[in-house]
Every structure is written in C-alpha cells, then in structure tokens.
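Below is run08.pdb, holding PDB, C-alpha atoms.
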```pdb
ATOM      1  CA  MET A   1       1.473  42.223   6.674
ATOM      2  CA  PRO A   2       4.151  39.526   7.038
ATOM      3  CA  ASN A   3       7.696  40.614   6.543
ATOM      4  CA  ALA A   4       9.510  39.795   3.315
ATOM      5  CA  LYS A   5      11.660  37.062   4.865
ATOM      6  CA  VAL A   6       8.660  35.088   6.212
ATOM      7  CA  LEU A   7       6.791  35.551   2.945
ATOM      8  CA  SER A   8       9.732  34.287   0.875
ATOM      9  CA  GLU A   9      10.118  31.255   3.192
ATOM     10  CA  LYS A  10       6.443  30.392   2.769
ATOM     11  CA  GLN A  11       6.676  30.825  -0.995
ATOM     12  CA  ALA A  12       9.650  28.429  -1.046
ATOM     13  CA  ILE A  13       7.657  25.868   0.977
ATOM     14  CA  VAL A  14       4.695  26.188  -1.423
ATOM     15  CA  ALA A  15       7.035  25.795  -4.425
ATOM     16  CA  GLU A  16       8.579  22.670  -2.891
ATOM     17  CA  LEU A  17       5.143  21.213  -2.071
ATOM     18  CA  THR A  18       3.927  21.982  -5.591
ATOM     19  CA  GLU A  19       6.925  20.164  -7.078
ATOM     20  CA  LYS A  20       6.459  17.125  -4.809
ATOM     21  CA  ILE A  21       2.739  16.912  -5.640
ATOM     22  CA  GLN A  22       3.425  17.155  -9.374
ATOM     23  CA  LYS A  23       6.032  14.357  -9.197
ATOM     24  CA  ALA A  24       3.888  12.124  -6.980
ATOM     25  CA  SER A  25       1.907   9.340  -8.590
ATOM     26  CA  ALA A  26      -0.392   9.249  -5.551
ATOM     27  CA  GLY A  27      -1.045  11.115  -2.340
ATOM     28  CA  VAL A  28      -3.261  10.714   0.711
ATOM     29  CA  LEU A  29      -4.442  13.433   3.097
ATOM     30  CA  VAL A  30      -4.810  12.396   6.730
ATOM     31  CA  ASP A  31      -6.230  13.923   9.902
ATOM     32  CA  TYR A  32      -3.758  12.817  12.572
ATOM     33  CA  LYS A  33      -5.090  14.466  15.750
ATOM     34  CA  GLY A  34      -4.392  12.652  18.992
ATOM     35  CA  ILE A  35      -1.652  10.220  17.944
ATOM     36  CA  THR A  36       1.230   9.697  20.337
ATOM     37  CA  VAL A  37       4.901  10.245  19.586
ATOM     38  CA  GLU A  38       5.487   6.468  19.516
ATOM     39  CA  GLU A  39       2.648   5.949  17.028
ATOM     40  CA  ASP A  40       3.915   8.804  14.858
ATOM     41  CA  THR A  41       7.463   7.429  14.944
ATOM     42  CA  ALA A  42       6.257   3.969  13.900
ATOM     43  CA  LEU A  43       4.192   5.499  11.087
ATOM     44  CA  ARG A  44       7.115   7.539   9.799
ATOM     45  CA  ARG A  45       9.395   4.456   9.908
ATOM     46  CA  GLU A  46       6.914   2.440   7.862
ATOM     47  CA  CYS A  47       6.539   5.320   5.416
ATOM     48  CA  ARG A  48      10.312   5.444   4.892
ATOM     49  CA  GLU A  49      10.417   1.655   4.358
ATOM     50  CA  ASN A  50       7.737   1.951   1.665
ATOM     51  CA  GLY A  51       9.239   4.987  -0.111
ATOM     52  CA  ILE A  52       6.523   7.363   1.084
ATOM     53  CA  ASP A  53       7.212  11.035   1.775
ATOM     54  CA  TYR A  54       5.118  11.815   4.877
ATOM     55  CA  ALA A  55       4.882  15.282   6.437
ATOM     56  CA  VAL A  56       2.603  17.454   8.523
ATOM     57  CA  VAL A  57       1.611  20.448   6.406
ATOM     58  CA  LYS A  58      -0.113  23.751   7.114
ATOM     59  CA  ASN A  59      -3.493  23.852   5.421
ATOM     60  CA  THR A  60      -2.988  27.301   3.871
ATOM     61  CA  LEU A  61       0.349  26.333   2.319
ATOM     62  CA  LEU A  62      -1.076  23.064   1.026
ATOM     63  CA  ARG A  63      -4.079  24.930  -0.403
ATOM     64  CA  PHE A  64      -1.721  27.154  -2.435
ATOM     65  CA  ALA A  65       0.195  24.068  -3.641
ATOM     66  CA  PHE A  66      -3.054  22.322  -4.634
ATOM     67  CA  ASN A  67      -4.184  25.418  -6.528
ATOM     68  CA  ASN A  68      -0.839  25.457  -8.360
ATOM     69  CA  THR A  69      -1.266  21.818  -9.417
ATOM     70  CA  GLY A  70      -4.953  21.942 -10.370
ATOM     71  CA  LEU A  71      -6.190  19.965  -7.360
ATOM     72  CA  ASN A  72      -8.578  22.716  -6.215
ATOM     73  CA  GLU A  73     -11.262  20.111  -5.455
ATOM     74  CA  LEU A  74      -9.257  19.010  -2.403
ATOM     75  CA  ASP A  75      -9.454  22.478  -0.780
ATOM     76  CA  GLY A  76     -12.559  21.446   1.157
ATOM     77  CA  LEU A  77     -10.556  18.743   2.970
ATOM     78  CA  LEU A  78      -8.013  21.201   4.310
ATOM     79  CA  ASN A  79      -9.325  21.850   7.800
ATOM     80  CA  GLY A  80      -8.113  20.665  11.177
ATOM     81  CA  THR A  81      -4.816  18.825  11.430
ATOM     82  CA  THR A  82      -3.486  17.661   8.079
ATOM     83  CA  SER A  83      -0.610  15.463   7.038
ATOM     84  CA  LEU A  84       0.262  14.420   3.526
ATOM     85  CA  ALA A  85       1.666  11.086   2.333
ATOM     86  CA  LEU A  86       3.161  11.128  -1.172
ATOM     87  CA  CYS A  87       4.803   8.439  -3.261
ATOM     88  CA  ASP A  88       6.190   8.821  -6.760
ATOM     89  CA  SER A  89       6.965   5.169  -7.476
ATOM     90  CA  ASP A  90       4.054   3.145  -6.066
ATOM     91  CA  VAL A  91       0.433   4.256  -6.413
ATOM     92  CA  VAL A  92      -0.796   1.771  -3.805
ATOM     93  CA  ALA A  93       1.745   2.366  -1.008
ATOM     94  CA  PRO A  94       0.360   5.601   0.511
ATOM     95  CA  ALA A  95      -3.195   4.282   0.527
ATOM     96  CA  ARG A  96      -2.164   0.949   2.033
ATOM     97  CA  VAL A  97       0.056   2.347   4.807
ATOM     98  CA  MET A  98      -2.340   5.149   5.782
ATOM     99  CA  SER A  99      -5.321   2.790   5.725
ATOM    100  CA  ASP A 100      -3.480   0.288   7.941
ATOM    101  CA  TYR A 101      -2.740   3.010  10.479
ATOM    102  CA  ALA A 102      -6.302   4.316  10.311
ATOM    103  CA  LYS A 103      -7.478   0.809  11.283
ATOM    104  CA  LYS A 104      -4.864   0.463  14.048
ATOM    105  CA  LEU A 105      -5.440   3.877  15.603
ATOM    106  CA  ASN A 106      -9.239   4.050  15.176
ATOM    107  CA  ASP A 107     -10.480   7.596  15.888
ATOM    108  CA  LYS A 108      -7.051   9.202  16.172
ATOM    109  CA  PHE A 109      -6.100   8.805  12.519
ATOM    110  CA  GLU A 110      -8.568   9.406   9.692
ATOM    111  CA  ILE A 111      -8.083   9.508   5.937
ATOM    112  CA  LYS A 112      -9.567  12.713   4.491
ATOM    113  CA  GLY A 113      -9.015  12.097   0.787
ATOM    114  CA  GLY A 114      -6.347  11.811  -1.820
ATOM    115  CA  PHE A 115      -5.264  12.049  -5.411
ATOM    116  CA  MET A 116      -3.771   9.810  -8.051
ATOM    117  CA  ASP A 117      -2.035  10.878 -11.258
ATOM    118  CA  GLY A 118      -2.993  14.514 -10.686
ATOM    119  CA  LYS A 119      -6.707  13.854 -10.143
ATOM    120  CA  PRO A 120      -8.661  13.740  -6.874
ATOM    121  CA  VAL A 121      -9.979  10.305  -5.883
ATOM    122  CA  SER A 122     -12.758   9.278  -3.532
ATOM    123  CA  LEU A 123     -12.336   7.570  -0.165
ATOM    124  CA  GLU A 124     -13.746   4.390  -1.728
ATOM    125  CA  THR A 125     -10.966   4.417  -4.310
ATOM    126  CA  ILE A 126      -8.369   4.884  -1.586
ATOM    127  CA  GLN A 127      -9.847   1.960   0.378
ATOM    128  CA  SER A 128      -9.861  -0.273  -2.701
ATOM    129  CA  LEU A 129      -6.237   0.658  -3.453
ATOM    130  CA  ALA A 130      -5.350  -0.138   0.159
ATOM    131  CA  SER A 131      -6.722  -3.656  -0.242
ATOM    132  CA  ILE A 132      -4.210  -4.459  -2.996
ATOM    133  CA  PRO A 133      -1.211  -6.374  -1.571
ATOM    134  CA  ALA A 134       2.277  -4.902  -1.734
ATOM    135  CA  LEU A 135       4.231  -5.331  -4.978
ATOM    136  CA  PRO A 136       6.593  -8.052  -3.634
ATOM    137  CA  VAL A 137       3.561 -10.062  -2.454
ATOM    138  CA  LEU A 138       1.895  -9.731  -5.853
ATOM    139  CA  GLN A 139       5.105 -10.809  -7.582
ATOM    140  CA  ALA A 140       5.391 -13.848  -5.315
ATOM    141  CA  GLN A 141       1.765 -14.814  -5.981
ATOM    142  CA  PHE A 142       2.305 -14.484  -9.722
ATOM    143  CA  LEU A 143       5.464 -16.592  -9.673
ATOM    144  CA  GLY A 144       3.746 -19.193  -7.504
ATOM    145  CA  THR A 145       0.941 -19.429 -10.035
ATOM    146  CA  MET A 146       3.409 -19.816 -12.897
ATOM    147  CA  LEU A 147       5.494 -22.447 -11.101
ATOM    148  CA  ALA A 148       2.577 -24.599  -9.872
ATOM    149  CA  PRO A 149       2.229 -26.697 -13.079
ATOM    150  CA  ILE A 150       5.994 -27.203 -13.310
ATOM    151  CA  THR A 151       6.151 -28.255  -9.654
ATOM    152  CA  GLY A 152       3.300 -30.710 -10.170
ATOM    153  CA  LEU A 153       5.063 -32.241 -13.169
ATOM    154  CA  ALA A 154       8.292 -32.581 -11.184
ATOM    155  CA  VAL A 155       6.465 -34.381  -8.363
ATOM    156  CA  VAL A 156       4.829 -36.837 -10.784
ATOM    157  CA  LEU A 157       8.128 -37.536 -12.575
ATOM    158  CA  LYS A 158       9.867 -38.129  -9.235
ATOM    159  CA  GLN A 159       7.175 -40.604  -8.189
ATOM    160  CA  ILE A 160       7.481 -42.447 -11.503
ATOM    161  CA  ALA A 161      11.227 -42.665 -11.095
ATOM    162  CA  GLU A 162      10.852 -44.012  -7.535
ATOM    163  CA  LYS A 163       8.480 -46.755  -8.743
ATOM    164  CA  GLY A 164      11.025 -47.963 -11.280
ATOM    165  CA  GLY A 165       9.351 -46.459 -14.318
ATOM    166  CA  GLU A 166       5.948 -47.955 -13.551
ATOM    167  CA  PRO A 167       3.166 -45.388 -13.851
ATOM    168  CA  VAL A 168       2.030 -44.244 -10.406
ATOM    169  CA  ALA A 169      -1.686 -44.772 -11.072
ATOM    170  CA  ALA A 170      -1.127 -48.376 -12.230
ATOM    171  CA  ALA A 171       1.007 -49.124  -9.158
ATOM    172  CA  GLU A 172      -1.671 -47.705  -6.833
ATOM    173  CA  GLU A 173      -4.436 -49.722  -8.566
ATOM    174  CA  ALA A 174      -2.445 -52.950  -8.389
ATOM    175  CA  ALA A 175      -1.729 -52.681  -4.681
ATOM    176  CA  PRO A 176      -5.375 -52.535  -3.511
ATOM    177  CA  ALA A 177      -6.359 -55.311  -5.930
ATOM    178  CA  GLU A 178      -3.857 -57.681  -4.338
ATOM    179  CA  GLU A 179      -5.100 -56.859  -0.854
ATOM    180  CA  ALA A 180      -8.743 -57.231  -1.810
ATOM    181  CA  ALA A 181      -8.333 -60.677  -3.459
ATOM    182  CA  PRO A 182     -10.505 -63.217  -1.628
ATOM    183  CA  ALA A 183      -8.730 -65.936   0.277
ATOM    184  CA  PRO A 184      -9.270 -69.487  -1.006
ATOM    185  CA  ALA A 185     -12.038 -71.219   0.862
ATOM    186  CA  ALA A 186     -10.930 -74.056   3.091
ATOM    187  CA  GLU A 187     -12.870 -77.170   2.326
TER
END
```
Hey, can you dump this file as structure tokens for me?
Amino acid sequence: MPNAKVLSEKQAIVAELTEKIQKASAGVLVDYKGITVEEDTALRRECRENGIDYAVVKNTLLRFAFNNTGLNELDGLLNGTTSLALCDSDVVAPARVMSDYAKKLNDKFEIKGGFMDGKPVSLETIQSLASIPALPVLQAQFLGTMLAPITGLAVVLKQIAEKGGEPVAAAEEAAPAEEAAPAPAAE
C-alpha cells in the first residue's frame, strides 16, 4: 500500500491531467521509444512554438485521467511508452507536429491515437488533420485568392496607362499587323 504522501501526489497529477484534457480541443498519444535527447529537444521546441503542451505520462495516471473525462475508449492504447500532446487553441497543431515527427523518426516515434473535442478519433482522422496546413499558411492562401483579381486589374490598368490610354489588346494587334504587311513588289 503506497503511503499517503505518494498517493496524494499521484491524485494531484491525475487531477491536473484531467483538467488539461478537459480544456484541450485536441490531443495525440504517441509511443516515443528510442528517440535521442536531441530529437526530443527539437520536438519539445517545436511543440512550444505551436502552443502544444507535450509531456511523457505514466499510463496508469493517464488511464485515471481518461476515465475522469469519459475517454475510456483510449485505455487500450495505454501500453508501452506514452507521451501526450495537447493543444487548447488549435485542433490541427498536435496532429500536424506529431505526424511530422513520426515521418522524420520512422520506427522510433509512432502515433497511437488521439481525441478531439472530448471524443476519441481514429488514426485516419489524425492523419487527415495533419495534412491541413498551419493557420498562418491557410490565411495567406485565402488572402492571396482574394487579392488575385485586384492584382490582375492593377496590372491591366498600369499597362493601359503606359500605352497612353490605348487599350493593350488593340496595341498588341496593331504591332504584328504592321510587321506582317507585305513589302511592295519591285517592278
């Protein structure tokens, strides 16, 4: 029987994990066996940059936290080495970062499963979420799409102004016609 101090410490850890899981919009469970310190440091740096809370967690403590939050279906994934990536602001970030590292590190780093909005999701869902670009990239693509017609109009207006008000198409048609005119025959 564990002493009261150890038991209270573990209960505090489970309470903290339960709170983090409830606040998180998405989470990914990872098997991290065999990664080096340098690889782990790079992963943790990228997690911080993307607002992801990443930690190695004991399976028994995580099982209690999952049971407290209604994610009992994930209990089967809690074997071997387990780390948990949580994010409360971006649903895509944990899936994208963990998937990138799973590709980089091959057999050393494997996604076990995950959850989104308090419900377990399949590995296929995690992979499809990982394929979505980061929010700043999506915003840039959207703005580029919106600005394309305006940019095209500006280019056409600039060309018209450079030709002295003459429509660009008429100027281009006139130039080849002058070059293609047949020379008078010498008799």
Run through the PyMOL selection byres ((chain A and resi 36-52) around 12) on the given coordinates and return the selected residues as an mmCIF file with C-alpha atoms, in the coordinates of the input.
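Written output follows (expr.cif):
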```cif
data_model
loop_
_atom_site.group_PDB
_atom_site.id
_atom_site.type_symbol
_atom_site.label_atom_id
_atom_site.label_comp_id
_atom_site.auth_asym_id
_atom_site.auth_seq_id
_atom_site.Cartn_x
_atom_site.Cartn_y
_atom_site.Cartn_z
ATOM 1 C CA LYS A 20 6.459 17.125 -4.809
ATOM 2 C CA ALA A 24 3.888 12.124 -6.980
ATOM 3 C CA SER A 25 1.907 9.340 -8.590
ATOM 4 C CA ALA A 26 -0.392 9.249 -5.551
ATOM 5 C CA GLY A 27 -1.045 11.115 -2.340
ATOM 6 C CA VAL A 28 -3.261 10.714 0.711
ATOM 7 C CA TYR A 32 -3.758 12.817 12.572
ATOM 8 C CA LYS A 33 -5.090 14.466 15.750
ATOM 9 C CA GLY A 34 -4.392 12.652 18.992
ATOM 10 C CA ILE A 35 -1.652 10.220 17.944
ATOM 11 C CA ASP A 53 7.212 11.035 1.775
ATOM 12 C CA TYR A 54 5.118 11.815 4.877
ATOM 13 C CA ALA A 55 4.882 15.282 6.437
ATOM 14 C CA VAL A 56 2.603 17.454 8.523
ATOM 15 C CA SER A 83 -0.610 15.463 7.038
ATOM 16 C CA LEU A 84 0.262 14.420 3.526
ATOM 17 C CA ALA A 85 1.666 11.086 2.333
ATOM 18 C CA LEU A 86 3.161 11.128 -1.172
ATOM 19 C CA CYS A 87 4.803 8.439 -3.261
ATOM 20 C CA ASP A 88 6.190 8.821 -6.760
ATOM 21 C CA SER A 89 6.965 5.169 -7.476
ATOM 22 C CA ASP A 90 4.054 3.145 -6.066
ATOM 23 C CA VAL A 91 0.433 4.256 -6.413
ATOM 24 C CA VAL A 92 -0.796 1.771 -3.805
ATOM 25 C CA ALA A 93 1.745 2.366 -1.008
ATOM 26 C CA PRO A 94 0.360 5.601 0.511
ATOM 27 C CA ALA A 95 -3.195 4.282 0.527
ATOM 28 C CA ARG A 96 -2.164 0.949 2.033
ATOM 29 C CA VAL A 97 0.056 2.347 4.807
ATOM 30 C CA MET A 98 -2.340 5.149 5.782
ATOM 31 C CA SER A 99 -5.321 2.790 5.725
ATOM 32 C CA ASP A 100 -3.480 0.288 7.941
ATOM 33 C CA TYR A 101 -2.740 3.010 10.479
ATOM 34 C CA ALA A 102 -6.302 4.316 10.311
ATOM 35 C CA LYS A 104 -4.864 0.463 14.048
ATOM 36 C CA LEU A 105 -5.440 3.877 15.603
ATOM 37 C CA LYS A 108 -7.051 9.202 16.172
ATOM 38 C CA PHE A 109 -6.100 8.805 12.519
ATOM 39 C CA ALA A 134 2.277 -4.902 -1.734
ATOM 40 C CA LEU A 135 4.231 -5.331 -4.978
ATOM 41 C CA PRO A 136 6.593 -8.052 -3.634
#
```
Exercise for the section: Tell me, in Å to one decimal, how far CA of Thr69 in chain A is from CA of Gln127 in chain A. Expected result: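 We find that CA of Thr69 in chain A and CA of Gln127 in chain A lie 23.7 Å from each other.
Nearest to Ala130 in chain A of all the residues A:Gly118, A:Lys103, A:Phe66, A:Ala148 is A:Lys103, based on all atoms listed in the file.
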Handout entry: Minimum-distance residue to Thr18 in chain A, chosen among A:Leu62, A:Val155, A:Ala4, A:Val57 (using only C-alpha atoms)
Key = A:Leu62
Handout entry: Who sits within 12 Å of Phe64 in chain A, only C-alpha atoms, same chain under 3 positions skipped, as a ChimeraX atom specification
Key = /A:10-18,21,57-61,67-72,74-75,78
Practice task
Could you please determine the separation between CA of Glu73 in chain A and CA of Lys112 in chain A in Å, to one decimal place?
Solution key: 12.5 Å
Practice task
Counting all atoms listed in the file, figure out which residue out of A:Pro133, A:Gly76, A:Gly144, A:Pro149 gets nearest to Pro120 in chain A.
Solution key: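 Distance minimum relative to Pro120 in chain A lands on A:Gly76.
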Output of range 128-161 of chain A limited to N, CA, C and O atoms, as a PDB file, in the first residue's frame:
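Here's the written file result15.pdb:
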```pdb
ATOM      1  N   SER A 128      -5.458  12.876 -41.484  1.00  0.00           N
ATOM      2  CA  SER A 128      -6.100  13.889 -42.334  1.00  0.00           C
ATOM      3  C   SER A 128      -5.983  15.278 -41.707  1.00  0.00           C
ATOM      4  O   SER A 128      -5.804  16.265 -42.422  1.00  0.00           O
ATOM      5  N   LEU A 129      -6.067  15.372 -40.392  1.00  0.00           N
ATOM      6  CA  LEU A 129      -5.855  16.660 -39.722  1.00  0.00           C
ATOM      7  C   LEU A 129      -4.428  17.141 -39.931  1.00  0.00           C
ATOM      8  O   LEU A 129      -4.180  18.330 -40.120  1.00  0.00           O
ATOM      9  N   ALA A 130      -3.483  16.202 -39.899  1.00  0.00           N
ATOM     10  CA  ALA A 130      -2.069  16.559 -40.062  1.00  0.00           C
ATOM     11  C   ALA A 130      -1.780  17.114 -41.445  1.00  0.00           C
ATOM     12  O   ALA A 130      -0.836  17.884 -41.619  1.00  0.00           O
ATOM     13  N   SER A 131      -2.590  16.749 -42.424  1.00  0.00           N
ATOM     14  CA  SER A 131      -2.350  17.230 -43.790  1.00  0.00           C
ATOM     15  C   SER A 131      -2.843  18.661 -44.011  1.00  0.00           C
ATOM     16  O   SER A 131      -2.513  19.276 -45.021  1.00  0.00           O
ATOM     17  N   ILE A 132      -3.596  19.201 -43.075  1.00  0.00           N
ATOM     18  CA  ILE A 132      -4.077  20.576 -43.186  1.00  0.00           C
ATOM     19  C   ILE A 132      -2.917  21.521 -42.856  1.00  0.00           C
ATOM     20  O   ILE A 132      -2.259  21.352 -41.839  1.00  0.00           O
ATOM     21  N   PRO A 133      -2.658  22.517 -43.695  1.00  0.00           N
ATOM     22  CA  PRO A 133      -1.555  23.455 -43.409  1.00  0.00           C
ATOM     23  C   PRO A 133      -1.810  24.247 -42.127  1.00  0.00           C
ATOM     24  O   PRO A 133      -2.950  24.352 -41.659  1.00  0.00           O
ATOM     25  N   ALA A 134      -0.772  24.840 -41.611  1.00  0.00           N
ATOM     26  CA  ALA A 134      -0.874  25.664 -40.407  1.00  0.00           C
ATOM     27  C   ALA A 134      -1.781  26.861 -40.674  1.00  0.00           C
ATOM     28  O   ALA A 134      -1.937  27.299 -41.815  1.00  0.00           O
ATOM     29  N   LEU A 135      -2.344  27.425 -39.621  1.00  0.00           N
ATOM     30  CA  LEU A 135      -3.284  28.542 -39.742  1.00  0.00           C
ATOM     31  C   LEU A 135      -2.694  29.738 -40.489  1.00  0.00           C
ATOM     32  O   LEU A 135      -3.356  30.289 -41.369  1.00  0.00           O
ATOM     33  N   PRO A 136      -1.463  30.172 -40.213  1.00  0.00           N
ATOM     34  CA  PRO A 136      -0.915  31.307 -40.978  1.00  0.00           C
ATOM     35  C   PRO A 136      -0.810  31.005 -42.475  1.00  0.00           C
ATOM     36  O   PRO A 136      -1.026  31.888 -43.307  1.00  0.00           O
ATOM     37  N   VAL A 137      -0.510  29.767 -42.834  1.00  0.00           N
ATOM     38  CA  VAL A 137      -0.422  29.385 -44.247  1.00  0.00           C
ATOM     39  C   VAL A 137      -1.805  29.445 -44.884  1.00  0.00           C
ATOM     40  O   VAL A 137      -1.968  29.964 -46.000  1.00  0.00           O
ATOM     41  N   LEU A 138      -2.810  28.936 -44.172  1.00  0.00           N
ATOM     42  CA  LEU A 138      -4.175  28.997 -44.700  1.00  0.00           C
ATOM     43  C   LEU A 138      -4.640  30.442 -44.869  1.00  0.00           C
ATOM     44  O   LEU A 138      -5.288  30.779 -45.865  1.00  0.00           O
ATOM     45  N   GLN A 139      -4.305  31.294 -43.914  1.00  0.00           N
ATOM     46  CA  GLN A 139      -4.685  32.703 -44.016  1.00  0.00           C
ATOM     47  C   GLN A 139      -4.002  33.357 -45.217  1.00  0.00           C
ATOM     48  O   GLN A 139      -4.630  34.134 -45.943  1.00  0.00           O
ATOM     49  N   ALA A 140      -2.750  33.046 -45.431  1.00  0.00           N
ATOM     50  CA  ALA A 140      -2.023  33.616 -46.573  1.00  0.00           C
ATOM     51  C   ALA A 140      -2.622  33.137 -47.891  1.00  0.00           C
ATOM     52  O   ALA A 140      -2.772  33.920 -48.837  1.00  0.00           O
ATOM     53  N   GLN A 141      -2.986  31.859 -47.962  1.00  0.00           N
ATOM     54  CA  GLN A 141      -3.599  31.330 -49.183  1.00  0.00           C
ATOM     55  C   GLN A 141      -4.940  32.006 -49.444  1.00  0.00           C
ATOM     56  O   GLN A 141      -5.259  32.366 -50.579  1.00  0.00           O
ATOM     57  N   PHE A 142      -5.710  32.215 -48.406  1.00  0.00           N
ATOM     58  CA  PHE A 142      -7.012  32.859 -48.542  1.00  0.00           C
ATOM     59  C   PHE A 142      -6.854  34.302 -49.017  1.00  0.00           C
ATOM     60  O   PHE A 142      -7.543  34.740 -49.943  1.00  0.00           O
ATOM     61  N   LEU A 143      -5.932  35.028 -48.402  1.00  0.00           N
ATOM     62  CA  LEU A 143      -5.713  36.417 -48.821  1.00  0.00           C
ATOM     63  C   LEU A 143      -5.179  36.488 -50.243  1.00  0.00           C
ATOM     64  O   LEU A 143      -5.559  37.378 -51.013  1.00  0.00           O
ATOM     65  N   GLY A 144      -4.315  35.557 -50.610  1.00  0.00           N
ATOM     66  CA  GLY A 144      -3.808  35.518 -51.982  1.00  0.00           C
ATOM     67  C   GLY A 144      -4.919  35.309 -52.987  1.00  0.00           C
ATOM     68  O   GLY A 144      -4.952  35.934 -54.054  1.00  0.00           O
ATOM     69  N   THR A 145      -5.860  34.441 -52.630  1.00  0.00           N
ATOM     70  CA  THR A 145      -7.002  34.180 -53.509  1.00  0.00           C
ATOM     71  C   THR A 145      -7.883  35.421 -53.634  1.00  0.00           C
ATOM     72  O   THR A 145      -8.377  35.736 -54.711  1.00  0.00           O
ATOM     73  N   MET A 146      -8.069  36.122 -52.529  1.00  0.00           N
ATOM     74  CA  MET A 146      -8.904  37.330 -52.563  1.00  0.00           C
ATOM     75  C   MET A 146      -8.227  38.458 -53.330  1.00  0.00           C
ATOM     76  O   MET A 146      -8.901  39.251 -54.001  1.00  0.00           O
ATOM     77  N   LEU A 147      -6.915  38.564 -53.244  1.00  0.00           N
ATOM     78  CA  LEU A 147      -6.205  39.676 -53.868  1.00  0.00           C
ATOM     79  C   LEU A 147      -5.871  39.434 -55.337  1.00  0.00           C
ATOM     80  O   LEU A 147      -5.517  40.379 -56.046  1.00  0.00           O
ATOM     81  N   ALA A 148      -5.974  38.211 -55.817  1.00  0.00           N
ATOM     82  CA  ALA A 148      -5.610  37.898 -57.205  1.00  0.00           C
ATOM     83  C   ALA A 148      -6.390  38.731 -58.222  1.00  0.00           C
ATOM     84  O   ALA A 148      -5.781  39.309 -59.134  1.00  0.00           O
ATOM     85  N   PRO A 149      -7.719  38.847 -58.141  1.00  0.00           N
ATOM     86  CA  PRO A 149      -8.435  39.670 -59.127  1.00  0.00           C
ATOM     87  C   PRO A 149      -8.036  41.151 -59.059  1.00  0.00           C
ATOM     88  O   PRO A 149      -7.900  41.809 -60.091  1.00  0.00           O
ATOM     89  N   ILE A 150      -7.826  41.655 -57.858  1.00  0.00           N
ATOM     90  CA  ILE A 150      -7.449  43.060 -57.708  1.00  0.00           C
ATOM     91  C   ILE A 150      -6.065  43.288 -58.306  1.00  0.00           C
ATOM     92  O   ILE A 150      -5.826  44.291 -58.982  1.00  0.00           O
ATOM     93  N   THR A 151      -5.153  42.361 -58.079  1.00  0.00           N
ATOM     94  CA  THR A 151      -3.803  42.469 -58.631  1.00  0.00           C
ATOM     95  C   THR A 151      -3.842  42.432 -60.151  1.00  0.00           C
ATOM     96  O   THR A 151      -3.155  43.206 -60.824  1.00  0.00           O
ATOM     97  N   GLY A 152      -4.654  41.546 -60.703  1.00  0.00           N
ATOM     98  CA  GLY A 152      -4.791  41.469 -62.159  1.00  0.00           C
ATOM     99  C   GLY A 152      -5.323  42.764 -62.742  1.00  0.00           C
ATOM    100  O   GLY A 152      -4.832  43.238 -63.779  1.00  0.00           O
ATOM    101  N   LEU A 153      -6.308  43.352 -62.096  1.00  0.00           N
ATOM    102  CA  LEU A 153      -6.868  44.628 -62.552  1.00  0.00           C
ATOM    103  C   LEU A 153      -5.809  45.726 -62.502  1.00  0.00           C
ATOM    104  O   LEU A 153      -5.683  46.526 -63.431  1.00  0.00           O
ATOM    105  N   ALA A 154      -5.024  45.751 -61.438  1.00  0.00           N
ATOM    106  CA  ALA A 154      -3.978  46.766 -61.304  1.00  0.00           C
ATOM    107  C   ALA A 154      -2.941  46.633 -62.414  1.00  0.00           C
ATOM    108  O   ALA A 154      -2.478  47.636 -62.971  1.00  0.00           O
ATOM    109  N   VAL A 155      -2.588  45.408 -62.769  1.00  0.00           N
ATOM    110  CA  VAL A 155      -1.607  45.184 -63.837  1.00  0.00           C
ATOM    111  C   VAL A 155      -2.149  45.686 -65.174  1.00  0.00           C
ATOM    112  O   VAL A 155      -1.452  46.355 -65.937  1.00  0.00           O
ATOM    113  N   VAL A 156      -3.411  45.376 -65.458  1.00  0.00           N
ATOM    114  CA  VAL A 156      -4.025  45.810 -66.722  1.00  0.00           C
ATOM    115  C   VAL A 156      -4.106  47.337 -66.773  1.00  0.00           C
ATOM    116  O   VAL A 156      -3.784  47.945 -67.793  1.00  0.00           O
ATOM    117  N   LEU A 157      -4.526  47.971 -65.689  1.00  0.00           N
ATOM    118  CA  LEU A 157      -4.622  49.430 -65.664  1.00  0.00           C
ATOM    119  C   LEU A 157      -3.252  50.082 -65.841  1.00  0.00           C
ATOM    120  O   LEU A 157      -3.129  51.105 -66.522  1.00  0.00           O
ATOM    121  N   LYS A 158      -2.219  49.487 -65.251  1.00  0.00           N
ATOM    122  CA  LYS A 158      -0.865  50.019 -65.401  1.00  0.00           C
ATOM    123  C   LYS A 158      -0.423  49.929 -66.859  1.00  0.00           C
ATOM    124  O   LYS A 158       0.180  50.859 -67.403  1.00  0.00           O
ATOM    125  N   GLN A 159      -0.715  48.808 -67.507  1.00  0.00           N
ATOM    126  CA  GLN A 159      -0.330  48.639 -68.905  1.00  0.00           C
ATOM    127  C   GLN A 159      -1.066  49.635 -69.794  1.00  0.00           C
ATOM    128  O   GLN A 159      -0.492  50.193 -70.732  1.00  0.00           O
ATOM    129  N   ILE A 160      -2.332  49.885 -69.510  1.00  0.00           N
ATOM    130  CA  ILE A 160      -3.096  50.860 -70.280  1.00  0.00           C
ATOM    131  C   ILE A 160      -2.499  52.252 -70.107  1.00  0.00           C
ATOM    132  O   ILE A 160      -2.340  52.998 -71.080  1.00  0.00           O
ATOM    133  N   ALA A 161      -2.141  52.574 -68.890  1.00  0.00           N
ATOM    134  CA  ALA A 161      -1.555  53.887 -68.634  1.00  0.00           C
ATOM    135  C   ALA A 161      -0.211  54.037 -69.343  1.00  0.00           C
ATOM    136  O   ALA A 161       0.107  55.109 -69.861  1.00  0.00           O
TER     137      ALA A 161
END
```
